[in-house]
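**Student:** What follows is final_34.txt, made up of compact mmCIF, C-alpha atoms:
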# COMPACT_ATOMS: atom_id res chain seq x y z
CA MET A 1 95.31 169.34 154.75
CA GLY A 2 93.13 169.06 151.70
CA MET A 3 92.59 170.44 148.24
CA GLN A 4 94.15 173.77 149.25
CA ASP A 5 97.47 171.87 149.42
CA VAL A 6 97.09 170.55 145.86
CA TRP A 7 98.00 172.72 142.87
CA VAL A 8 97.46 172.05 139.17
CA ARG A 9 99.66 173.46 136.40
CA ALA A 10 98.12 173.73 132.94
CA GLN A 11 100.21 174.65 129.91
CA SER A 12 99.18 176.37 126.70
CA ILE A 13 101.05 177.98 123.81
CA VAL A 14 98.52 180.84 123.76
CA SER A 15 98.14 181.60 127.47
CA GLY A 16 101.37 180.11 128.83
CA SER A 17 101.75 178.06 131.98
CA ARG A 18 99.26 178.67 134.77
CA THR A 19 99.10 177.14 138.24
CA VAL A 20 95.84 177.11 140.21
CA ARG A 21 94.81 175.65 143.55
CA ALA A 22 92.82 172.46 143.13
CA ASP A 23 90.14 173.65 145.56
CA THR A 24 89.33 176.53 143.17
CA ILE A 25 88.70 174.19 140.21
CA VAL A 26 84.96 173.63 139.84
CA GLN A 27 85.06 171.63 136.59
CA ALA A 28 87.52 170.04 134.16
CA LYS A 29 86.08 169.69 130.68
CA TRP A 30 87.35 168.54 127.34
CA GLU A 31 87.25 171.06 124.48
CA ARG A 32 87.06 169.27 121.16
CA THR A 33 88.68 171.95 119.00
CA SER A 34 91.52 171.82 116.50
CA SER A 35 94.13 172.64 119.12
CA GLN A 36 92.38 170.48 121.70
CA TYR A 37 92.21 171.97 125.15
CA LEU A 38 91.37 170.67 128.56
CA THR A 39 89.60 173.60 130.19
CA LEU A 40 89.75 173.99 133.96
CA MET A 41 86.83 176.10 135.13
CA VAL A 42 88.04 178.06 138.15
CA ALA A 43 85.80 179.68 140.79
CA GLY A 44 84.83 183.24 139.89
CA SER A 45 84.19 182.54 136.17
CA ASP A 46 87.93 182.19 135.45
CA GLU A 47 89.45 179.52 133.21
CA ALA A 48 92.82 177.84 132.80
CA HIS A 49 93.53 176.01 129.54
CA HIS A 50 95.79 173.03 128.94
CA GLN A 51 96.74 172.42 125.34
CA VAL A 52 96.96 168.69 124.75
CA ARG A 53 98.35 168.82 121.22
CA PRO A 54 100.52 171.66 119.85
CA ASP A 55 99.13 173.78 117.02
CA GLY A 56 100.27 172.38 113.69
CA SER A 57 101.09 169.02 115.24
CA ARG A 58 100.95 166.03 112.92
CA ALA A 59 99.74 163.88 115.79
CA LEU A 60 96.25 162.55 115.37
CA PRO A 61 93.57 164.49 117.25
CA LEU A 62 92.78 163.04 120.63
CA ARG A 63 89.58 161.01 120.61
CA GLU A 64 86.66 162.31 122.65
CA GLU A 65 86.89 159.41 125.11
CA ASP A 66 90.64 159.99 125.62
CA GLY A 67 90.03 163.68 126.32
CA ALA A 68 87.31 162.78 128.82
CA ALA A 69 89.67 160.22 130.40
CA LEU A 70 92.32 162.95 130.84
CA ALA A 71 89.79 165.18 132.63
CA ASP A 72 88.61 162.29 134.83
CA GLY A 73 92.21 161.26 135.56
CA LEU A 74 93.04 164.79 136.70
CA LEU A 75 90.03 164.92 139.02
CA SER A 76 90.91 161.49 140.46
CA ALA A 77 94.55 162.56 140.97
CA MET A 78 93.41 165.74 142.74
CA THR A 79 91.27 163.71 145.15
CA ALA A 80 93.93 161.04 145.77
CA THR A 81 96.70 163.61 146.27
CA ALA A 82 94.60 165.66 148.71
CA ALA A 83 94.58 162.63 151.03
CA VAL A 84 98.40 162.62 151.24
CA PRO A 85 100.03 165.03 153.72
CA GLY A 86 102.05 167.92 152.36
CA SER A 87 101.77 170.20 149.35
CA HIS A 88 101.56 168.69 145.89
CA LEU A 89 101.80 169.92 142.31
CA LEU A 90 100.03 168.11 139.47
CA ILE A 91 101.57 169.10 136.14
CA LEU A 92 99.72 168.40 132.91
CA HIS A 93 102.08 167.46 130.03
CA GLY A 94 100.26 166.81 126.76
CA THR A 95 98.04 163.86 127.64
CA GLY A 96 100.09 162.92 130.70
CA LEU A 97 100.08 163.97 134.32
CA GLU A 98 103.13 164.34 136.58
CA ARG A 99 102.79 164.43 140.38
CA ARG A 100 105.36 166.28 142.51
CA ARG A 101 105.64 167.06 146.18
CA SER A 102 106.08 170.78 146.25
CA ALA A 103 106.15 173.76 148.56
CA MET A 104 103.53 176.05 147.06
CA ASP A 105 102.03 179.33 148.18
CA GLY A 106 99.47 181.78 146.83
CA THR A 107 101.58 182.94 143.88
CA ARG A 108 100.82 181.94 140.33
So that I can check it, write out the structure of this file as structure tokens.
**Tutor:**
Amino acid sequence: MGMQDVWVRAQSIVSGSRTVRADTIVQAKWERTSSQYLTLMVAGSDEAHHQVRPDGSRALPLREEDGAALADGLLSAMTATAAVPGSHLLILHGTGLERRRSAMDGTR
């Protein structure tokens, strides 16, 4: 058991929903752009993007420290979940994170 049993689903209007294995994520970084993305750097120079705030949203932009806290929270959740037996799916929703026990395989 370990990070290979933890999956992360990022969601973006532009690139859609994407699920990646946690052990392939090498960095989670906050992108301070108008549409505000959390970028998951995946091994092999790949990226998965999570859009925190929809385009055209009237919600206030997320502050830099809140974006950094989301990235840190995801990394902490990945580590904590890897210690629990079974397969798990971490789903990013806006600025929130949902944890599910899930049977996952190598499909995206």
**Student:** For region 44-50 of chain A, please output as JSON, numbers by chain all residues within 10 Å (counting only C-alpha atoms; exclusion window: fewer than 6 positions along the same chain).
**Tutor:** {"A": [8, 9, 10, 11, 12, 13, 14, 15, 16, 17, 18, 19, 20, 24, 25, 26, 27, 28, 29, 30, 31, 35, 36, 37, 38, 92, 93, 94, 95]}
**Student:** Residues within 10 Å of region 97-100 of chain A, please, as an MDAnalysis selection string. Count all atoms listed in the file; anything in the same chain fewer than 5 positions from it doesn't count.
**Tutor:** chainID A and resid 6:9 70 73:74 77:78 81 87:92
**Student:** Report, in Å with one decimal, the straight-line distance from CA of Asp72 (chain A) to CA of Ser102 (chain A).
**Tutor:**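 Going from CA of Asp72 (chain A) over to CA of Ser102 (chain A) covers 22.5 Å.
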**Student:** With distances taken over all atoms listed in the file, which of A:Gly96, A:Ala80, A:Glu65, A:Ala22 is nearest to Val52 (chain A)?
**Tutor:** A:Gly96
**Student:** Report, in Å to a single decimal, how far apart CA of Gln51 (chain A) and CA of Ala71 (chain A) are.
**Tutor:**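 Between CA of Ala71 (chain A) and CA of Gln51 (chain A) the gap works out to 12.4 Å.
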**Student:** Quote the spacing between CA of Thr39 (chain A) and CA of Asp66 (chain A) in Å to one decimal place.
**Tutor:**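 That distance, rounded to one decimal, is 14.4 Å.
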